[in-house]
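*Asks:* Please see the structure below; I have some questions.
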Amino acid sequence: KVHTISDDLYKQAIDLGLPPKIPYKKITPAINTEFFKSNVKENLHNPLRILTVGRVTWIKGYEYALKALEILKNKGIKFEFTIAGEGKYREAIMFAIHQLKLTEKVTLLGTISHAEVKKQMEWADIYIQPSIQEGFCNATLEAQAMGLLCIVTNAEGLSENVINAETGWVVEKRNSELIASQIRSILSTDCYKLDKIRAASIFRVKSDFNLLSQKKKWNYFYK
């Protein structure tokens, strides 16, 4: 029996030689929905508050987010971007920030606690996950549970994590223009429509990605 956290990863396993006759079960990651409770959002802040959480590694695609923000800056859009996480790729990200003239707009927090991640999600308006590869991403679930407007790429499990145009937005990976375009679209969308997206994402995470539900699935898997 085989476990996968996303349909896409299972398809990759088949391509790599996993026999299709072997039984498998998809059990996605889950989060503590009692801790990451929705934070009531009103109007978007000005400057716009944008957040990403994750290891500082090339696979997270941070440069594509930074390039998207350079596009916004050149359009005159005001924003603040915070990256919470640490890793060996920090120096490269710092150079990209400098090269794109975003030093005054981007903050690298380094490693922070879960409680501090929650505080950052309470602060933010938009969550971006610009990954090149991503199994599923717990931080994106946490962001949705907190009522953030989430923009993710179509890297592996992210397109199952977020339902495009229903609980957030899924854009093509390695495409800074699409990330920038989606942020601009959010800024021009009325509050009622944005509230519907937030409500749908909160409800789905609480219903489908809670720890109790995950525990039941694991118990069943091992029976």
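In the structure tokens, the first chain shown is A, the next is B, and so on; residue numbers restart at 1 for each chain, and ligands run from 1 in the order shown.
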If we count only C-alpha atoms and set the cut-off at 6 Å, which residues sit around stretch 122-127 of chain A, ignoring sequence neighbours fewer than 6 positions away in its own chain? Please answer as a ChimeraX atom specification.
*Replies:* /A:49-52,148-150
*Asks:* Those selected residues, please, written with all heavy atoms and delivered as an mmCIF file, in the first residue's frame.
*Replies:*
data_model
loop_
_atom_site.group_PDB
_atom_site.id
_atom_site.type_symbol
_atom_site.label_atom_id
_atom_site.label_comp_id
_atom_site.auth_asym_id
_atom_site.auth_seq_id
_atom_site.Cartn_x
_atom_site.Cartn_y
_atom_site.Cartn_z
ATOM 1 N N ARG A 49 -0.010 44.484 2.182
ATOM 2 C CA ARG A 49 0.845 43.616 2.993
ATOM 3 C C ARG A 49 0.861 42.202 2.414
ATOM 4 O O ARG A 49 -0.178 41.536 2.346
ATOM 5 C CB ARG A 49 0.343 43.583 4.436
ATOM 6 C CG ARG A 49 0.361 44.945 5.104
ATOM 7 C CD ARG A 49 -0.258 44.879 6.485
ATOM 8 N NE ARG A 49 -0.207 46.166 7.176
ATOM 9 C CZ ARG A 49 -0.681 46.373 8.400
ATOM 10 N NH1 ARG A 49 -1.233 45.367 9.076
ATOM 11 N NH2 ARG A 49 -0.599 47.568 8.947
ATOM 12 N N ILE A 50 2.045 41.751 2.018
ATOM 13 C CA ILE A 50 2.206 40.469 1.342
ATOM 14 C C ILE A 50 3.161 39.594 2.148
ATOM 15 O O ILE A 50 4.180 40.073 2.645
ATOM 16 C CB ILE A 50 2.739 40.672 -0.088
ATOM 17 C CG1 ILE A 50 1.819 41.633 -0.865
ATOM 18 C CG2 ILE A 50 2.850 39.338 -0.824
ATOM 19 C CD1 ILE A 50 2.389 42.076 -2.198
ATOM 20 N N LEU A 51 2.840 38.312 2.247
ATOM 21 C CA LEU A 51 3.613 37.384 3.083
ATOM 22 C C LEU A 51 3.902 36.086 2.347
ATOM 23 O O LEU A 51 3.076 35.585 1.579
ATOM 24 C CB LEU A 51 2.828 37.071 4.360
ATOM 25 C CG LEU A 51 3.417 36.026 5.325
ATOM 26 C CD1 LEU A 51 4.690 36.551 5.987
ATOM 27 C CD2 LEU A 51 2.376 35.648 6.384
ATOM 28 N N THR A 52 5.081 35.527 2.606
ATOM 29 C CA THR A 52 5.439 34.167 2.190
ATOM 30 C C THR A 52 6.136 33.486 3.361
ATOM 31 O O THR A 52 6.947 34.115 4.044
ATOM 32 C CB THR A 52 6.369 34.168 0.972
ATOM 33 O OG1 THR A 52 5.678 34.685 -0.159
ATOM 34 C CG2 THR A 52 6.832 32.763 0.637
ATOM 35 N N LEU A 148 -6.410 34.742 4.592
ATOM 36 C CA LEU A 148 -5.587 35.491 3.651
ATOM 37 C C LEU A 148 -5.988 35.159 2.217
ATOM 38 O O LEU A 148 -6.447 34.056 1.922
ATOM 39 C CB LEU A 148 -4.113 35.174 3.854
ATOM 40 C CG LEU A 148 -3.500 35.594 5.185
ATOM 41 C CD1 LEU A 148 -2.005 35.281 5.203
ATOM 42 C CD2 LEU A 148 -3.717 37.062 5.450
ATOM 43 N N LEU A 149 -5.803 36.112 1.340
ATOM 44 C CA LEU A 149 -6.023 35.899 -0.083
ATOM 45 C C LEU A 149 -4.751 35.257 -0.630
ATOM 46 O O LEU A 149 -3.678 35.859 -0.601
ATOM 47 C CB LEU A 149 -6.307 37.230 -0.777
ATOM 48 C CG LEU A 149 -7.546 37.966 -0.247
ATOM 49 C CD1 LEU A 149 -7.556 39.403 -0.756
ATOM 50 C CD2 LEU A 149 -8.823 37.235 -0.637
ATOM 51 N N CYS A 150 -4.873 34.025 -1.121
ATOM 52 C CA CYS A 150 -3.695 33.229 -1.468
ATOM 53 C C CYS A 150 -3.488 33.113 -2.973
ATOM 54 O O CYS A 150 -4.421 32.776 -3.713
ATOM 55 C CB CYS A 150 -3.812 31.823 -0.873
ATOM 56 S SG CYS A 150 -3.747 31.807 0.931
#
*Asks:* If you run DSSP on the backbone, which residues of stretch 16-176 of chain A are alpha helix (DSSP H), as a PyMOL selection string?
*Replies:* chain A and resi 62-74+90-99+114-123+138-145+158-161+176
*Asks:* Select from stretch 13-199 of chain A everything DSSP, run on the backbone, classes as strand (DSSP E or B), then give the selection as an MDAnalysis selection string.
*Replies:* chainID A and resid 24:26 31 48:53 79:85 106:110 126:129 149:153 164 168:171
*Asks:* Could those residues be written to a file, using N, CA and C atoms, as a compact mmCIF listing (two decimals), in the first residue's frame?
*Replies:*
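again-v2.txt, freshly written:
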# COMPACT_ATOMS: atom_id res chain seq x y z
N TYR A 24 -3.27 2.53 -3.29
CA TYR A 24 -2.72 3.77 -2.75
C TYR A 24 -3.84 4.60 -2.14
N LYS A 25 -3.44 5.52 -1.28
CA LYS A 25 -4.40 6.42 -0.64
C LYS A 25 -3.79 7.80 -0.53
N LYS A 26 -4.55 8.80 -0.93
CA LYS A 26 -4.10 10.18 -0.74
C LYS A 26 -4.56 10.68 0.62
N ILE A 31 -3.67 20.83 9.35
CA ILE A 31 -3.17 21.83 10.28
C ILE A 31 -4.08 21.92 11.51
N LEU A 48 0.00 47.64 0.56
CA LEU A 48 -0.48 46.27 0.58
C LEU A 48 0.51 45.38 1.35
N ARG A 49 -0.01 44.48 2.18
CA ARG A 49 0.85 43.62 2.99
C ARG A 49 0.86 42.20 2.41
N ILE A 50 2.05 41.75 2.02
CA ILE A 50 2.21 40.47 1.34
C ILE A 50 3.16 39.59 2.15
N LEU A 51 2.84 38.31 2.25
CA LEU A 51 3.61 37.38 3.08
C LEU A 51 3.90 36.09 2.35
N THR A 52 5.08 35.53 2.61
CA THR A 52 5.44 34.17 2.19
C THR A 52 6.14 33.49 3.36
N VAL A 53 5.82 32.22 3.59
CA VAL A 53 6.44 31.45 4.67
C VAL A 53 7.06 30.19 4.09
N PHE A 79 3.57 48.51 -1.47
CA PHE A 79 3.44 47.21 -0.80
C PHE A 79 4.57 47.02 0.19
N GLU A 80 4.37 46.05 1.07
CA GLU A 80 5.40 45.54 1.97
C GLU A 80 5.40 44.03 1.84
N PHE A 81 6.57 43.43 1.67
CA PHE A 81 6.66 41.99 1.47
C PHE A 81 7.54 41.40 2.57
N THR A 82 7.02 40.39 3.26
CA THR A 82 7.75 39.73 4.32
C THR A 82 7.95 38.26 3.98
N ILE A 83 9.19 37.78 4.12
CA ILE A 83 9.50 36.36 3.96
C ILE A 83 9.89 35.82 5.32
N ALA A 84 9.14 34.83 5.79
CA ALA A 84 9.43 34.18 7.08
C ALA A 84 10.04 32.82 6.81
N GLY A 85 11.29 32.65 7.17
CA GLY A 85 11.97 31.37 6.93
C GLY A 85 13.46 31.60 6.79
N VAL A 106 11.14 44.92 1.33
CA VAL A 106 11.15 43.49 1.64
C VAL A 106 11.87 43.25 2.97
N THR A 107 11.26 42.39 3.80
CA THR A 107 11.83 42.03 5.10
C THR A 107 12.06 40.53 5.14
N LEU A 108 13.27 40.11 5.51
CA LEU A 108 13.58 38.70 5.73
C LEU A 108 13.60 38.46 7.23
N LEU A 109 12.62 37.73 7.72
CA LEU A 109 12.50 37.52 9.17
C LEU A 109 13.39 36.42 9.70
N GLY A 110 13.80 35.49 8.85
CA GLY A 110 14.52 34.32 9.35
C GLY A 110 13.55 33.33 9.97
N ILE A 126 -2.26 39.42 1.71
CA ILE A 126 -2.11 38.44 0.64
C ILE A 126 -0.97 37.49 1.00
N TYR A 127 -1.18 36.21 0.69
CA TYR A 127 -0.14 35.20 0.87
C TYR A 127 0.26 34.68 -0.50
N ILE A 128 1.57 34.63 -0.76
CA ILE A 128 2.08 34.12 -2.04
C ILE A 128 2.92 32.86 -1.79
N GLN A 129 2.67 31.83 -2.59
CA GLN A 129 3.53 30.64 -2.58
C GLN A 129 4.02 30.43 -4.01
N LEU A 149 -5.80 36.11 1.34
CA LEU A 149 -6.02 35.90 -0.08
C LEU A 149 -4.75 35.26 -0.63
N CYS A 150 -4.87 34.02 -1.12
CA CYS A 150 -3.70 33.23 -1.47
C CYS A 150 -3.49 33.11 -2.97
N ILE A 151 -2.26 33.39 -3.39
CA ILE A 151 -1.84 33.20 -4.77
C ILE A 151 -0.73 32.14 -4.76
N VAL A 152 -0.95 31.05 -5.45
CA VAL A 152 0.04 29.97 -5.50
C VAL A 152 0.32 29.60 -6.95
N THR A 153 1.41 28.87 -7.15
CA THR A 153 1.70 28.38 -8.49
C THR A 153 1.08 26.99 -8.69
N ASN A 164 -8.56 27.18 -7.78
CA ASN A 164 -8.42 28.42 -8.52
C ASN A 164 -9.74 29.18 -8.66
N GLY A 168 -8.83 30.88 -3.75
CA GLY A 168 -7.60 31.61 -4.00
C GLY A 168 -7.33 31.58 -5.49
N TRP A 169 -6.07 31.71 -5.87
CA TRP A 169 -5.73 31.75 -7.29
C TRP A 169 -4.48 30.93 -7.56
N VAL A 170 -4.52 30.16 -8.65
CA VAL A 170 -3.40 29.33 -9.07
C VAL A 170 -2.87 29.88 -10.38
N VAL A 171 -1.57 30.21 -10.41
CA VAL A 171 -0.96 30.75 -11.62
C VAL A 171 0.18 29.82 -12.06
*Asks:* Any idea what the distance is between atom CA of A:Arg55 and atom CA of A:Cys137?
*Replies:*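 Between atom CA of A:Arg55 and atom CA of A:Cys137 the gap is 11.2 Å.
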